[in-house]
Structures are given as C-alpha cells and as structure tokens.
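> For reference, this is final.cif, and it has mmCIF, C-alpha atoms (C1' of nucleotides).
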```cif
data_start
loop_
_atom_site.group_PDB
_atom_site.id
_atom_site.type_symbol
_atom_site.label_atom_id
_atom_site.label_comp_id
_atom_site.auth_asym_id
_atom_site.auth_seq_id
_atom_site.Cartn_x
_atom_site.Cartn_y
_atom_site.Cartn_z
ATOM 1 C CA MET A 1 118.886 169.705 118.818
ATOM 2 C CA TYR A 2 117.298 168.576 122.065
ATOM 3 C CA ASN A 3 118.270 165.516 124.068
ATOM 4 C CA ILE A 4 115.882 163.576 126.272
ATOM 5 C CA HIS A 5 115.924 160.458 128.353
ATOM 6 C CA ILE A 6 112.920 158.156 128.583
ATOM 7 C CA SER A 7 112.756 155.528 131.278
ATOM 8 C CA ASP A 8 109.326 154.115 130.395
ATOM 9 C CA ASP A 9 108.668 151.537 127.652
ATOM 10 C CA PHE A 10 109.820 153.171 124.424
ATOM 11 C CA ASP A 11 111.044 151.346 121.343
ATOM 12 C CA LEU A 12 111.147 153.359 118.136
ATOM 13 C CA LYS A 13 111.671 150.340 115.908
ATOM 14 C CA LYS A 14 108.643 148.539 117.300
ATOM 15 C CA ILE A 15 106.480 151.657 117.158
ATOM 16 C CA ALA A 16 107.490 152.233 113.533
ATOM 17 C CA GLU A 17 106.551 148.635 112.658
ATOM 18 C CA SER A 18 103.447 148.412 114.801
ATOM 19 C CA GLY A 19 101.080 149.285 111.965
ATOM 20 C CA GLN A 20 99.527 152.340 113.641
ATOM 21 C CA CYS A 21 101.582 154.889 111.695
ATOM 22 C CA PHE A 22 102.637 154.955 108.073
ATOM 23 C CA ARG A 23 105.041 157.894 107.876
ATOM 24 C CA PHE A 24 107.386 156.760 110.626
ATOM 25 C CA ASN A 25 110.471 155.102 109.223
ATOM 26 C CA GLU A 26 113.989 154.130 110.039
ATOM 27 C CA CYS A 27 116.303 156.030 107.721
ATOM 28 C CA THR A 28 118.646 154.048 105.581
ATOM 29 C CA PRO A 29 122.090 154.663 107.051
ATOM 30 C CA ALA A 30 124.300 156.868 104.913
ATOM 31 C CA ALA A 31 126.838 154.822 103.031
ATOM 32 C CA LYS A 32 129.782 156.508 104.718
ATOM 33 C CA ASP A 33 129.211 156.472 108.456
ATOM 34 C CA GLY A 34 128.919 152.901 109.631
ATOM 35 C CA GLU A 35 129.045 153.472 113.372
ATOM 36 C CA SER A 36 126.177 155.926 113.750
ATOM 37 C CA PHE A 37 123.048 155.305 115.839
ATOM 38 C CA PRO A 38 119.717 154.330 114.274
ATOM 39 C CA LEU A 39 117.883 157.343 112.907
ATOM 40 C CA TYR A 40 114.100 157.644 112.578
ATOM 41 C CA SER A 41 112.022 160.028 110.519
ATOM 42 C CA VAL A 42 108.580 160.862 111.875
ATOM 43 C CA ALA A 43 105.998 162.840 109.904
ATOM 44 C CA ALA A 44 102.751 163.834 111.615
ATOM 45 C CA LYS A 45 100.287 166.080 109.842
ATOM 46 C CA ASP A 46 102.455 169.073 108.888
ATOM 47 C CA ARG A 47 105.322 168.417 111.280
ATOM 48 C CA HIS A 48 108.474 166.398 110.993
ATOM 49 C CA LEU A 49 110.997 165.093 113.495
ATOM 50 C CA LEU A 50 114.300 163.262 113.192
ATOM 51 C CA ILE A 51 115.153 161.075 116.165
ATOM 52 C CA GLU A 52 118.531 159.583 116.840
ATOM 53 C CA ASP A 53 118.240 156.543 119.076
ATOM 54 C CA LYS A 54 121.326 156.495 121.264
ATOM 55 C CA ALA A 55 120.151 153.440 123.180
ATOM 56 C CA GLU A 56 119.101 153.020 126.820
ATOM 57 C CA GLY A 57 116.327 155.568 126.393
ATOM 58 C CA ASN A 58 118.632 158.374 125.314
ATOM 59 C CA LEU A 59 117.254 160.196 122.325
ATOM 60 C CA SER A 60 118.444 163.135 120.316
ATOM 61 C CA LEU A 61 115.708 165.148 118.597
ATOM 62 C CA ASP A 62 116.125 167.737 115.853
ATOM 63 C CA CYS A 63 113.680 170.143 117.466
ATOM 64 C CA THR A 64 113.751 172.748 120.201
ATOM 65 C CA GLN A 65 112.786 172.047 123.770
ATOM 66 C CA SER A 66 109.610 174.079 123.359
ATOM 67 C CA GLU A 67 108.576 172.125 120.254
ATOM 68 C CA TYR A 68 109.125 168.952 122.205
ATOM 69 C CA GLU A 69 107.145 170.154 125.198
ATOM 70 C CA GLU A 70 104.373 171.565 123.084
ATOM 71 C CA PHE A 71 103.911 168.746 120.583
ATOM 72 C CA TRP A 72 106.146 165.695 120.503
ATOM 73 C CA ARG A 73 105.947 164.794 124.180
ATOM 74 C CA ASP A 74 102.204 164.512 123.807
ATOM 75 C CA TYR A 75 102.519 162.771 120.430
ATOM 76 C CA PHE A 76 104.473 159.944 122.049
ATOM 77 C CA ASP A 77 101.951 159.771 124.899
ATOM 78 C CA LEU A 78 104.698 160.162 127.462
ATOM 79 C CA ASP A 79 102.351 160.981 130.332
ATOM 80 C CA LEU A 80 101.119 157.407 130.459
ATOM 81 C CA SER A 81 103.318 154.683 131.884
ATOM 82 C CA TYR A 82 103.063 151.731 129.529
ATOM 83 C CA LYS A 83 105.171 149.807 131.972
ATOM 84 C CA ASP A 84 102.391 150.160 134.545
ATOM 85 C CA VAL A 85 99.796 149.118 131.994
ATOM 86 C CA ARG A 86 101.832 146.023 131.158
ATOM 87 C CA ALA A 87 102.068 145.199 134.838
ATOM 88 C CA ARG A 88 98.338 144.512 134.815
ATOM 89 C CA ILE A 89 98.942 141.368 132.799
ATOM 90 C CA ASP A 90 99.077 138.305 134.981
ATOM 91 C CA PRO A 91 101.358 135.658 133.442
ATOM 92 C CA GLU A 92 99.409 132.924 135.233
ATOM 93 C CA SER A 93 95.932 133.810 134.050
ATOM 94 C CA ASP A 94 96.908 134.939 130.543
ATOM 95 C CA PRO A 95 100.295 133.520 129.540
ATOM 96 C CA TYR A 96 99.760 134.240 125.845
ATOM 97 C CA LEU A 97 99.123 137.953 126.365
ATOM 98 C CA TYR A 98 102.001 138.078 128.806
ATOM 99 C CA GLY A 99 104.319 136.636 126.166
ATOM 100 C CA ALA A 100 102.970 139.052 123.578
ATOM 101 C CA SER A 101 103.520 142.008 125.910
ATOM 102 C CA GLU A 102 107.084 140.958 126.651
ATOM 103 C CA PHE A 103 107.683 140.646 122.916
ATOM 104 C CA GLY A 104 106.032 143.988 122.170
ATOM 105 C CA LYS A 105 107.469 145.859 125.142
ATOM 106 C CA GLY A 106 108.243 149.389 123.987
ATOM 107 C CA ILE A 107 105.198 149.851 121.783
ATOM 108 C CA ARG A 108 103.151 152.937 122.588
ATOM 109 C CA ILE A 109 99.938 154.282 121.077
ATOM 110 C CA LEU A 110 100.815 157.570 119.406
ATOM 111 C CA ARG A 111 98.501 160.565 119.630
ATOM 112 C CA GLN A 112 97.928 161.060 115.942
ATOM 113 C CA ASP A 113 95.701 163.371 113.949
ATOM 114 C CA PRO A 114 92.087 162.213 113.396
ATOM 115 C CA TRP A 115 92.013 163.396 109.775
ATOM 116 C CA GLU A 116 95.298 161.766 108.819
ATOM 117 C CA MET A 117 94.285 158.539 110.564
ATOM 118 C CA LEU A 118 90.853 158.459 108.954
ATOM 119 C CA ILE A 119 92.261 158.630 105.440
ATOM 120 C CA SER A 120 95.135 156.281 106.290
ATOM 121 C CA PHE A 121 92.846 153.559 107.615
ATOM 122 C CA ILE A 122 90.321 153.940 104.816
ATOM 123 C CA ILE A 123 93.243 153.246 102.502
ATOM 124 C CA SER A 124 94.445 150.333 104.639
ATOM 125 C CA GLN A 125 91.561 148.013 103.822
ATOM 126 C CA ARG A 126 92.750 144.891 102.048
ATOM 127 C CA LYS A 127 96.230 146.290 101.655
ATOM 128 C CA ASN A 128 99.488 145.300 103.280
ATOM 129 C CA ILE A 129 101.592 147.840 105.124
ATOM 130 C CA PRO A 130 104.115 148.606 102.347
ATOM 131 C CA ALA A 131 101.230 149.223 99.929
ATOM 132 C CA ILE A 132 99.483 151.511 102.440
ATOM 133 C CA LYS A 133 102.674 153.501 102.942
ATOM 134 C CA ALA A 134 103.235 153.820 99.200
ATOM 135 C CA SER A 135 99.725 155.175 98.613
ATOM 136 C CA ILE A 136 99.960 157.677 101.460
ATOM 137 C CA GLU A 137 103.355 158.867 100.277
ATOM 138 C CA LYS A 138 101.955 159.486 96.790
ATOM 139 C CA LEU A 139 99.056 161.440 98.268
ATOM 140 C CA CYS A 140 101.421 163.599 100.310
ATOM 141 C CA VAL A 141 103.658 164.322 97.323
ATOM 142 C CA LYS A 142 100.650 165.196 95.213
ATOM 143 C CA ALA A 143 98.648 167.336 97.627
ATOM 144 C CA GLY A 144 100.949 168.139 100.536
ATOM 145 C CA ASP A 145 103.759 170.667 100.895
ATOM 146 C CA GLU A 146 107.432 169.918 101.185
ATOM 147 C CA ILE A 147 108.262 170.478 104.863
ATOM 148 C CA PHE A 148 111.692 168.933 105.265
ATOM 149 C CA GLU A 149 114.620 167.657 103.268
ATOM 150 C CA ASP A 150 117.647 165.729 104.381
ATOM 151 C CA GLU A 151 120.062 163.444 102.595
ATOM 152 C CA ARG A 152 119.388 160.689 105.116
ATOM 153 C CA CYS A 153 115.601 160.556 104.808
ATOM 154 C CA GLY A 154 114.873 162.401 101.560
ATOM 155 C CA LYS A 155 112.072 164.879 101.033
ATOM 156 C CA ILE A 156 109.217 164.889 103.507
ATOM 157 C CA TYR A 157 105.770 166.263 102.675
ATOM 158 C CA SER A 158 102.924 167.317 104.910
ATOM 159 C CA PHE A 159 99.750 165.260 104.949
ATOM 160 C CA PRO A 160 97.206 166.854 102.583
ATOM 161 C CA THR A 161 94.597 169.029 104.273
ATOM 162 C CA PRO A 162 90.931 168.082 103.709
ATOM 163 C CA GLU A 163 90.621 171.065 101.359
ATOM 164 C CA ARG A 164 93.608 170.104 99.232
ATOM 165 C CA LEU A 165 92.494 166.489 99.057
ATOM 166 C CA ALA A 166 88.920 167.427 98.227
ATOM 167 C CA ALA A 167 90.193 169.560 95.367
ATOM 168 C CA LEU A 168 91.812 166.577 93.670
ATOM 169 C CA PRO A 169 89.835 165.004 90.836
ATOM 170 C CA LEU A 170 89.090 161.324 91.306
ATOM 171 C CA GLU A 171 91.642 160.362 88.649
ATOM 172 C CA GLU A 172 94.383 162.012 90.665
ATOM 173 C CA LEU A 173 93.457 159.840 93.616
ATOM 174 C CA THR A 174 93.350 156.748 91.444
ATOM 175 C CA ALA A 175 96.906 157.590 90.384
ATOM 176 C CA CYS A 176 97.951 157.109 94.023
ATOM 177 C CA SER A 177 97.210 153.388 93.747
ATOM 178 C CA LEU A 178 94.141 153.662 95.898
ATOM 179 C CA GLY A 179 92.211 151.200 93.764
ATOM 180 C CA TYR A 180 88.499 150.992 94.591
ATOM 181 C CA ARG A 181 89.193 153.039 97.751
ATOM 182 C CA ASP A 182 89.641 156.173 95.617
ATOM 183 C CA LYS A 183 85.974 157.078 95.892
ATOM 184 C CA TYR A 184 85.983 156.470 99.656
ATOM 185 C CA VAL A 185 88.886 158.886 100.120
ATOM 186 C CA HIS A 186 87.306 161.396 97.779
ATOM 187 C CA GLN A 187 83.996 161.369 99.633
ATOM 188 C CA ALA A 188 85.655 161.593 103.051
ATOM 189 C CA ALA A 189 87.643 164.598 101.863
ATOM 190 C CA LEU A 190 84.497 166.294 100.543
ATOM 191 C CA ASP A 191 82.621 165.583 103.766
ATOM 192 C CA VAL A 192 85.341 166.962 106.018
ATOM 193 C CA ALA A 193 86.299 169.914 103.805
ATOM 194 C CA SER A 194 82.682 171.016 103.515
ATOM 195 C CA GLY A 195 82.172 170.828 107.258
ATOM 196 C CA ALA A 196 79.428 168.231 106.909
ATOM 197 C CA VAL A 197 81.651 166.026 109.028
ATOM 198 C CA ASP A 198 83.440 167.759 111.906
ATOM 199 C CA LEU A 199 86.198 165.479 113.163
ATOM 200 C CA GLU A 200 87.148 168.018 115.836
ATOM 201 C CA ALA A 201 83.609 168.051 117.245
ATOM 202 C CA PHE A 202 83.634 164.238 117.351
ATOM 203 C CA LYS A 203 86.106 164.491 120.247
ATOM 204 C CA LYS A 204 83.234 165.423 122.537
ATOM 205 C CA LEU A 205 81.198 162.319 121.717
ATOM 206 C CA ASP A 206 81.203 159.226 123.873
ATOM 207 C CA ASP A 207 82.620 156.031 122.407
ATOM 208 C CA GLU A 208 79.333 154.675 121.124
ATOM 209 C CA ALA A 209 78.223 157.939 119.506
ATOM 210 C CA LEU A 210 81.667 158.359 117.939
ATOM 211 C CA MET A 211 81.456 154.879 116.445
ATOM 212 C CA ASN A 212 78.000 155.622 115.047
ATOM 213 C CA GLU A 213 79.164 158.828 113.397
ATOM 214 C CA LEU A 214 82.222 157.179 111.858
ATOM 215 C CA LEU A 215 80.160 154.303 110.468
ATOM 216 C CA LYS A 216 78.100 156.814 108.488
ATOM 217 C CA LEU A 217 81.152 157.601 106.364
ATOM 218 C CA PHE A 218 81.372 155.934 102.963
ATOM 219 C CA GLY A 219 84.047 153.246 103.051
ATOM 220 C CA VAL A 220 84.241 153.110 106.834
ATOM 221 C CA GLY A 221 83.158 149.864 108.470
ATOM 222 C CA VAL A 222 83.612 148.580 112.003
ATOM 223 C CA LYS A 223 87.292 147.743 111.657
ATOM 224 C CA VAL A 224 88.375 151.064 110.145
ATOM 225 C CA ALA A 225 86.182 152.942 112.628
ATOM 226 C CA ASN A 226 87.850 151.161 115.534
ATOM 227 C CA CYS A 227 91.296 152.014 114.180
ATOM 228 C CA GLU A 228 90.233 155.643 113.934
ATOM 229 C CA ILE A 229 88.893 155.577 117.489
ATOM 230 C CA LEU A 230 92.071 154.014 118.847
ATOM 231 C CA PHE A 231 94.726 155.798 116.799
ATOM 232 C CA GLY A 232 92.975 158.984 115.695
ATOM 233 C CA TYR A 233 91.075 159.727 118.906
ATOM 234 C CA HIS A 234 93.437 157.945 121.253
ATOM 235 C CA ARG A 235 90.689 156.085 123.062
ATOM 236 C CA LEU A 236 92.793 153.324 124.447
ATOM 237 C CA ASN A 237 89.984 150.886 125.090
ATOM 238 C CA ALA A 238 89.084 150.475 121.403
ATOM 239 C CA PHE A 239 89.907 147.013 120.119
ATOM 240 C CA PRO A 240 90.116 146.807 116.308
ATOM 241 C CA ARG A 241 89.646 143.280 114.975
ATOM 242 C CA ASP A 242 91.507 142.536 111.787
ATOM 243 C CA VAL A 243 92.416 139.193 110.287
ATOM 244 C CA TRP A 244 95.475 138.871 112.534
ATOM 245 C CA ILE A 245 93.620 139.597 115.746
ATOM 246 C CA ASN A 246 90.810 137.278 114.734
ATOM 247 C CA ARG A 247 93.329 134.521 114.132
ATOM 248 C CA VAL A 248 94.866 135.085 117.574
ATOM 249 C CA LEU A 249 91.466 135.141 119.264
ATOM 250 C CA GLU A 250 90.422 131.930 117.504
ATOM 251 C CA GLN A 251 93.613 130.063 118.282
ATOM 252 C CA HIS A 252 94.297 131.252 121.810
ATOM 253 C CA TYR A 253 91.090 132.689 123.241
ATOM 254 C CA SER A 254 88.323 130.237 122.503
ATOM 255 C CA GLY A 255 87.156 130.921 126.052
ATOM 256 C CA GLY A 256 87.000 134.655 125.275
ATOM 257 C CA PHE A 257 89.423 137.494 125.853
ATOM 258 C CA ASN A 258 89.198 139.069 129.307
ATOM 259 C CA PHE A 259 88.334 142.634 128.303
ATOM 260 C CA LYS A 260 87.230 143.499 131.832
ATOM 261 C CA ALA A 261 90.665 142.906 133.285
ATOM 262 C CA TYR A 262 92.351 145.459 131.029
ATOM 263 C CA ASP A 263 89.740 148.199 130.839
ATOM 264 C CA PRO A 264 90.377 151.019 129.860
ATOM 265 C CA TYR A 265 93.503 149.833 128.047
ATOM 266 C CA ASN A 266 92.274 147.001 125.843
ATOM 267 C CA GLY A 267 93.610 148.829 122.785
ATOM 268 C CA ILE A 268 97.140 148.558 124.121
ATOM 269 C CA MET A 269 96.636 144.835 124.629
ATOM 270 C CA GLN A 270 95.343 144.638 121.075
ATOM 271 C CA GLN A 271 98.613 146.188 119.892
ATOM 272 C CA TYR A 272 100.674 143.586 121.738
ATOM 273 C CA LEU A 273 98.565 140.752 120.337
ATOM 274 C CA PHE A 274 98.689 142.175 116.830
ATOM 275 C CA PHE A 275 102.432 142.792 116.842
ATOM 276 C CA TYR A 276 103.154 139.355 118.291
ATOM 277 C CA GLY A 277 100.731 137.515 116.024
ATOM 278 C CA ARG A 278 101.993 139.202 112.897
ATOM 279 C CA GLU A 279 105.701 138.799 113.637
ATOM 280 C CA ASN A 280 105.238 135.118 114.319
ATOM 281 C CA ALA A 281 103.195 134.286 111.242
ATOM 282 C "C1'" DA B 1 98.421 131.946 86.537
ATOM 283 C "C1'" DG B 2 95.577 132.218 90.224
ATOM 284 C "C1'" DG B 3 95.295 133.627 94.904
ATOM 285 C "C1'" DC B 4 95.544 136.748 98.442
ATOM 286 C "C1'" DA B 5 96.321 141.097 101.324
ATOM 287 C "C1'" DG B 6 95.158 144.755 108.272
ATOM 288 C "C1'" DG B 7 87.323 145.387 104.699
ATOM 289 C "C1'" DT B 8 83.375 147.441 102.887
ATOM 290 C "C1'" DT B 9 79.651 147.830 99.859
ATOM 291 C "C1'" DC B 10 76.393 145.888 96.930
ATOM 292 C "C1'" DT B 11 73.415 142.213 95.681
ATOM 293 C "C1'" DT B 12 70.563 138.550 96.549
ATOM 294 C "C1'" DA B 13 67.574 135.318 99.331
ATOM 295 C "C1'" DT C 1 68.736 140.444 108.495
ATOM 296 C "C1'" DA C 2 72.384 137.526 106.652
ATOM 297 C "C1'" DA C 3 75.387 135.280 103.695
ATOM 298 C "C1'" DG C 4 78.144 135.734 99.237
ATOM 299 C "C1'" DA C 5 80.126 138.177 95.492
ATOM 300 C "C1'" DA C 6 82.622 142.099 93.703
ATOM 301 C "C1'" DC C 7 86.125 145.345 94.151
ATOM 302 C "C1'" DC C 8 91.652 147.927 92.519
ATOM 303 C "C1'" DT C 9 96.334 146.857 92.711
ATOM 304 C "C1'" DG C 10 100.652 144.765 93.575
ATOM 305 C "C1'" DC C 11 103.257 140.896 94.818
ATOM 306 C "C1'" DC C 12 104.128 136.243 95.247
#
```
Written as structure tokens, that's how I'd like the structure from this file.

Amino acid sequence: MYNIHISDDFDLKKIAESGQCFRFNECTPAAKDGESFPLYSVAAKDRHLLIEDKAEGNLSLDCTQSEYEEFWRDYFDLDLSYKDVRARIDPESDPYLYGASEFGKGIRILRQDPWEMLISFIISQRKNIPAIKASIEKLCVKAGDEIFEDERCGKIYSFPTPERLAALPLEELTACSLGYRDKYVHQAALDVASGAVDLEAFKKLDDEALMNELLKLFGVGVKVANCEILFGYHRLNAFPRDVWINRVLEQHYSGGFNFKAYDPYNGIMQQYLFFYGRENA
DNA sequence: AGGCAGGTTCTTA
DNA sequence: TAAGAACCTGCC
C-alpha cells in the first residue's frame, strides 16, 4: 500500500471513461461497505493496480513505492502539468474548447503499451465502448494469464502477448466477438510476433514515418493509426478524427480548428473535445 | 425489423 | 483517384 497526493489535473472517473483505455474500470462497491471511497482497477499489459480515490488528489495504491516510481508514475504521465496545458486555452478566442476543457478537467493521456493499443484500436472500429471492452476482455481471458484476483474487481488477466495471440486460430478470435476485425487482429499478431513489424523500433520514427508504417498494417486506416500514435506512442500532437470529433468540428469549427495555438498538445485538446461532445450527445 | 455504432477494405467508374 | 458498398455483432 502506497499513498500519494496529486495536485495537478487528475480525475480517475473521467480518465476511465475517456475512451483511451479499455481495462480501466470503477469497481462495483461491495454490497456491505457503503461508506468506502471509489475504487478503480487498472490493467496495463501484464500489470495491475487498484486505486482508492480518497478525494482531493489523495490516492491509495496497492503497490510499493518502487513500483509506483518505476511504472505507474510514468503511466499516468505525471511529469506533465495538464493544468498548464489547459491554461493555453483562451476563453475569448475559443470559448467552445474552453468549455470542453473545463468539463474534461482531470483527463490525462496515459502512457500505454503500443502493442495493446494497436490491437485495442483495431478492434474499436465501428464498435461502441462497451463492445470494445467485452471483446478485449474475452481476448485476455483466452490468451492472457491471470495476474490478479480480488472480490471487488474479479479476476484480472494480462493482455495477450503477440506470440500468444498469433498462436490462436482465427476461429478463436472470432469467438471473442471481433466480427470482421478477426482477420485484422490475426494478421497484426502474426506481423508483430514474427518480427516483420517492430513496434519498439517505430518509437525512433518521426510522426510522418510512423503514420506511414502503421498504415501498412491490414485493418489500420488513418483514424486507428492516429489513435495508436496518440495513445500507444504518446505523441500528444496527434489528433484522431472519429465521428464525434468530426461532428464537433462541423458544428463549432467551420472556420477551422486552431492547431497552431496548441502545438504540440493538440491530442489533449482532442480528448477534451471528444469527451465533451460525447457526453453531451 | 431495420438501422446504426469511435472505420477500413474492396469494388467499381 | 474517388465515391459507394460490404462487412460482423450486439443493442436499440
């Protein structure tokens, strides 16, 4: 058990619902204790963390201080002040974004694993968030290892490695409700497991080259590639355009969104716009 | 019961 | 090169 205090923007509920992560959930409170604090379960690759949100930035983590320093601090991107990034938004020149950022205050862009994000966003196409989560959970149960168990959040499995996923026959993937995306996931797993695609080496590429490499993957188009760049490679200027963002841009930015003003953090602005647009639909 | 959901690929002009 | 159709599945 390790307690921390965070003074920067940090809202677990909003992060969990922001659509960037699919194995980050609020635990259903145990029937008995009614007065306990909200509890969140976070699974990332082969790690798991329980977080008790004691309000006012006080958090209780079920890990050691060294695990926090070595992994979770970075995972939550705590070296960047999102408050400072928000301060760039001028309410006068962009009142809509300002409103969205006030509404989404507390969202952060997690530093997630490129492999897990690639598969997650390939699956995400034409699916809603509950359906994405259900498919990923089935994949983890089928090809991951049990890494944690607790009565409050159930059994938690690691995300399948490329090798384990590549070893699954197509029918096993289909059984995870992947639909027509089953062959995309299968091919991506084969590509990465074989070494034909080296996601680790992609970190050295510049944004444009990274995009080009990702677009070569079967089942990866511009939108999924941008999600991978933003969430898997943590390049905060990437700006994925999905139906929600397009709606917002059409309705509120006919004159064009001012990307220059927010460089290199346009991806964070995208998160505010997405969260705001979706919650108010 | 038909339409649609955080797109992409395949097919046609 | 650029529209339009097809695609799995689950949930209105």
> Taking all atoms of stretch 126-135 of chain A that the file lists, what box with edges along x, y and z, padded by 5 Å per side, do you get, with centre and edge lengths in Å to one decimal, as AutoDock Vina command-line options?

```
--center_x 98.4 --center_y 150.0 --center_z 101.9 --size_x 21.4 --size_y 20.3 --size_z 16.5
```
> Name every residue that the PyMOL selection byres ((chain A) within 8 of (chain C)) selects in this structure, writing the answer as an NGL selection string with chains first and numbers rising.
:A and (131 or 177-181)
> Which distance in Å separates atom CA of A:Ala175 and atom CA of A:Ile156, to one decimal?
19.4 Å
> Would you mind listing, as a list in words, all residues of chain A that have at least one atom within 8 Å of chain B, where all atoms listed in the file are what counts?
Ser124, Gln125, Arg126, Lys127, Asn128, Ile129, Gly219, Val220, Gly221, Lys223, Val224, Asp242, Val243 and Trp244 of chain A
> Using only C-alpha atoms (C1' of nucleotides), determine which residues lie at most 12 Å from A:Asp94, disregarding the query and same-chain residues fewer than 6 positions distant; provide the list as an NGL selection string.
:A and (88 or 100-101 or 252-253 or 255-259 or 261-262 or 269 or 273)
> Interatomic distance between atom CA of A:Ala43 and atom CA of A:Phe24?
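We find that atom CA of A:Ala43 and atom CA of A:Phe24 lie 6.3 Å from each other.
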> Quick one: residues within 8 Å of stretch 134-137 of chain A, all atoms listed in the file counted, chain neighbours fewer than 5 positions away excluded, as a list in words?
Phe22, Arg23, Ser120, Ile123, Cys176, Ser177 and Leu178 of chain A
> Record the distance separating atom CA of A:Lys83 and atom CA of A:Asn3, expressed in Å with one decimal.
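Interatomic distance, atom CA of A:Lys83 to atom CA of A:Asn3: 21.9 Å.
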> Fewer than 3 positions away in the same chain doesn't count, so skip those; otherwise give me all residues within 9 Å of stretch 77-82 of chain A, counting all atoms listed in the file, as a PDB file with C-alpha atoms, keeping the file's coordinate frame.

```
ATOM      1  CA  ILE A   6     112.920 158.156 128.583  1.00  0.00           C
ATOM      2  CA  ASP A   8     109.326 154.115 130.395  1.00  0.00           C
ATOM      3  CA  ASP A   9     108.668 151.537 127.652  1.00  0.00           C
ATOM      4  CA  PHE A  10     109.820 153.171 124.424  1.00  0.00           C
ATOM      5  CA  TRP A  72     106.146 165.695 120.503  1.00  0.00           C
ATOM      6  CA  ARG A  73     105.947 164.794 124.180  1.00  0.00           C
ATOM      7  CA  ASP A  74     102.204 164.512 123.807  1.00  0.00           C
ATOM      8  CA  VAL A  85      99.796 149.118 131.994  1.00  0.00           C
ATOM      9  CA  ARG A  86     101.832 146.023 131.158  1.00  0.00           C
ATOM     10  CA  ALA A  87     102.068 145.199 134.838  1.00  0.00           C
ATOM     11  CA  LYS A 105     107.469 145.859 125.142  1.00  0.00           C
ATOM     12  CA  GLY A 106     108.243 149.389 123.987  1.00  0.00           C
ATOM     13  CA  ILE A 107     105.198 149.851 121.783  1.00  0.00           C
ATOM     14  CA  ARG A 108     103.151 152.937 122.588  1.00  0.00           C
ATOM     15  CA  ILE A 109      99.938 154.282 121.077  1.00  0.00           C
ATOM     16  CA  LEU A 110     100.815 157.570 119.406  1.00  0.00           C
ATOM     17  CA  ARG A 111      98.501 160.565 119.630  1.00  0.00           C
ATOM     18  CA  ILE A 268      97.140 148.558 124.121  1.00  0.00           C
TER      19      ILE A 268
END
```
> Which polymer residues have any atom within 9 Å of an atom of stretch 205-212 of chain A, counting all atoms listed in the file, with same-chain residues fewer than 4 positions away left out, as a PyMOL selection string?
chain A and resi 201+216+222+225-226+229+235+238
> Near A:Asp46, within 10 Å and counting only C-alpha atoms (C1' of nucleotides), which residues show up once chain neighbours fewer than 2 positions away are dropped, as a list in words?
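Here the qualifying residues turn out to be Ala43, Ala44, His48, Gly144, Asp145, Glu146, Ile147, Phe148, Ile156, Tyr157, Ser158, Phe159, Pro160 and Thr161 of chain A.
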> Rebuild stretch 160-174 of chain A to N, CA and C atoms - output it as a PDB file, keeping the file's coordinate frame, please.

```pdb
ATOM      1  N   PRO A 160      98.129 165.908 103.229  1.00  0.00           N
ATOM      2  CA  PRO A 160      97.206 166.854 102.583  1.00  0.00           C
ATOM      3  C   PRO A 160      96.089 167.289 103.536  1.00  0.00           C
ATOM      4  N   THR A 161      95.744 168.558 103.497  1.00  0.00           N
ATOM      5  CA  THR A 161      94.597 169.029 104.273  1.00  0.00           C
ATOM      6  C   THR A 161      93.318 168.513 103.606  1.00  0.00           C
ATOM      7  N   PRO A 162      92.201 168.506 104.330  1.00  0.00           N
ATOM      8  CA  PRO A 162      90.931 168.082 103.709  1.00  0.00           C
ATOM      9  C   PRO A 162      90.626 168.897 102.450  1.00  0.00           C
ATOM     10  N   GLU A 163      90.909 170.193 102.501  1.00  0.00           N
ATOM     11  CA  GLU A 163      90.621 171.065 101.359  1.00  0.00           C
ATOM     12  C   GLU A 163      91.453 170.678 100.136  1.00  0.00           C
ATOM     13  N   ARG A 164      92.729 170.466 100.350  1.00  0.00           N
ATOM     14  CA  ARG A 164      93.608 170.104  99.232  1.00  0.00           C
ATOM     15  C   ARG A 164      93.227 168.746  98.652  1.00  0.00           C
ATOM     16  N   LEU A 165      92.857 167.823  99.535  1.00  0.00           N
ATOM     17  CA  LEU A 165      92.494 166.489  99.057  1.00  0.00           C
ATOM     18  C   LEU A 165      91.157 166.525  98.316  1.00  0.00           C
ATOM     19  N   ALA A 166      90.243 167.323  98.851  1.00  0.00           N
ATOM     20  CA  ALA A 166      88.920 167.427  98.227  1.00  0.00           C
ATOM     21  C   ALA A 166      89.016 168.062  96.843  1.00  0.00           C
ATOM     22  N   ALA A 167      90.039 168.869  96.652  1.00  0.00           N
ATOM     23  CA  ALA A 167      90.193 169.560  95.367  1.00  0.00           C
ATOM     24  C   ALA A 167      90.749 168.644  94.276  1.00  0.00           C
ATOM     25  N   LEU A 168      91.259 167.495  94.669  1.00  0.00           N
ATOM     26  CA  LEU A 168      91.812 166.577  93.670  1.00  0.00           C
ATOM     27  C   LEU A 168      90.707 165.849  92.927  1.00  0.00           C
ATOM     28  N   PRO A 169      90.790 165.820  91.595  1.00  0.00           N
ATOM     29  CA  PRO A 169      89.835 165.004  90.836  1.00  0.00           C
ATOM     30  C   PRO A 169      90.054 163.520  91.148  1.00  0.00           C
ATOM     31  N   LEU A 170      89.021 162.751  90.985  1.00  0.00           N
ATOM     32  CA  LEU A 170      89.090 161.324  91.306  1.00  0.00           C
ATOM     33  C   LEU A 170      90.257 160.624  90.617  1.00  0.00           C
ATOM     34  N   GLU A 171      90.548 161.021  89.382  1.00  0.00           N
ATOM     35  CA  GLU A 171      91.642 160.362  88.649  1.00  0.00           C
ATOM     36  C   GLU A 171      92.981 160.569  89.337  1.00  0.00           C
ATOM     37  N   GLU A 172      93.136 161.733  89.959  1.00  0.00           N
ATOM     38  CA  GLU A 172      94.383 162.012  90.665  1.00  0.00           C
ATOM     39  C   GLU A 172      94.539 161.093  91.873  1.00  0.00           C
ATOM     40  N   LEU A 173      93.428 160.763  92.488  1.00  0.00           N
ATOM     41  CA  LEU A 173      93.457 159.840  93.616  1.00  0.00           C
ATOM     42  C   LEU A 173      93.753 158.426  93.122  1.00  0.00           C
ATOM     43  N   THR A 174      93.121 158.059  92.030  1.00  0.00           N
ATOM     44  CA  THR A 174      93.350 156.748  91.444  1.00  0.00           C
ATOM     45  C   THR A 174      94.839 156.560  91.138  1.00  0.00           C
TER      46      THR A 174
END
```
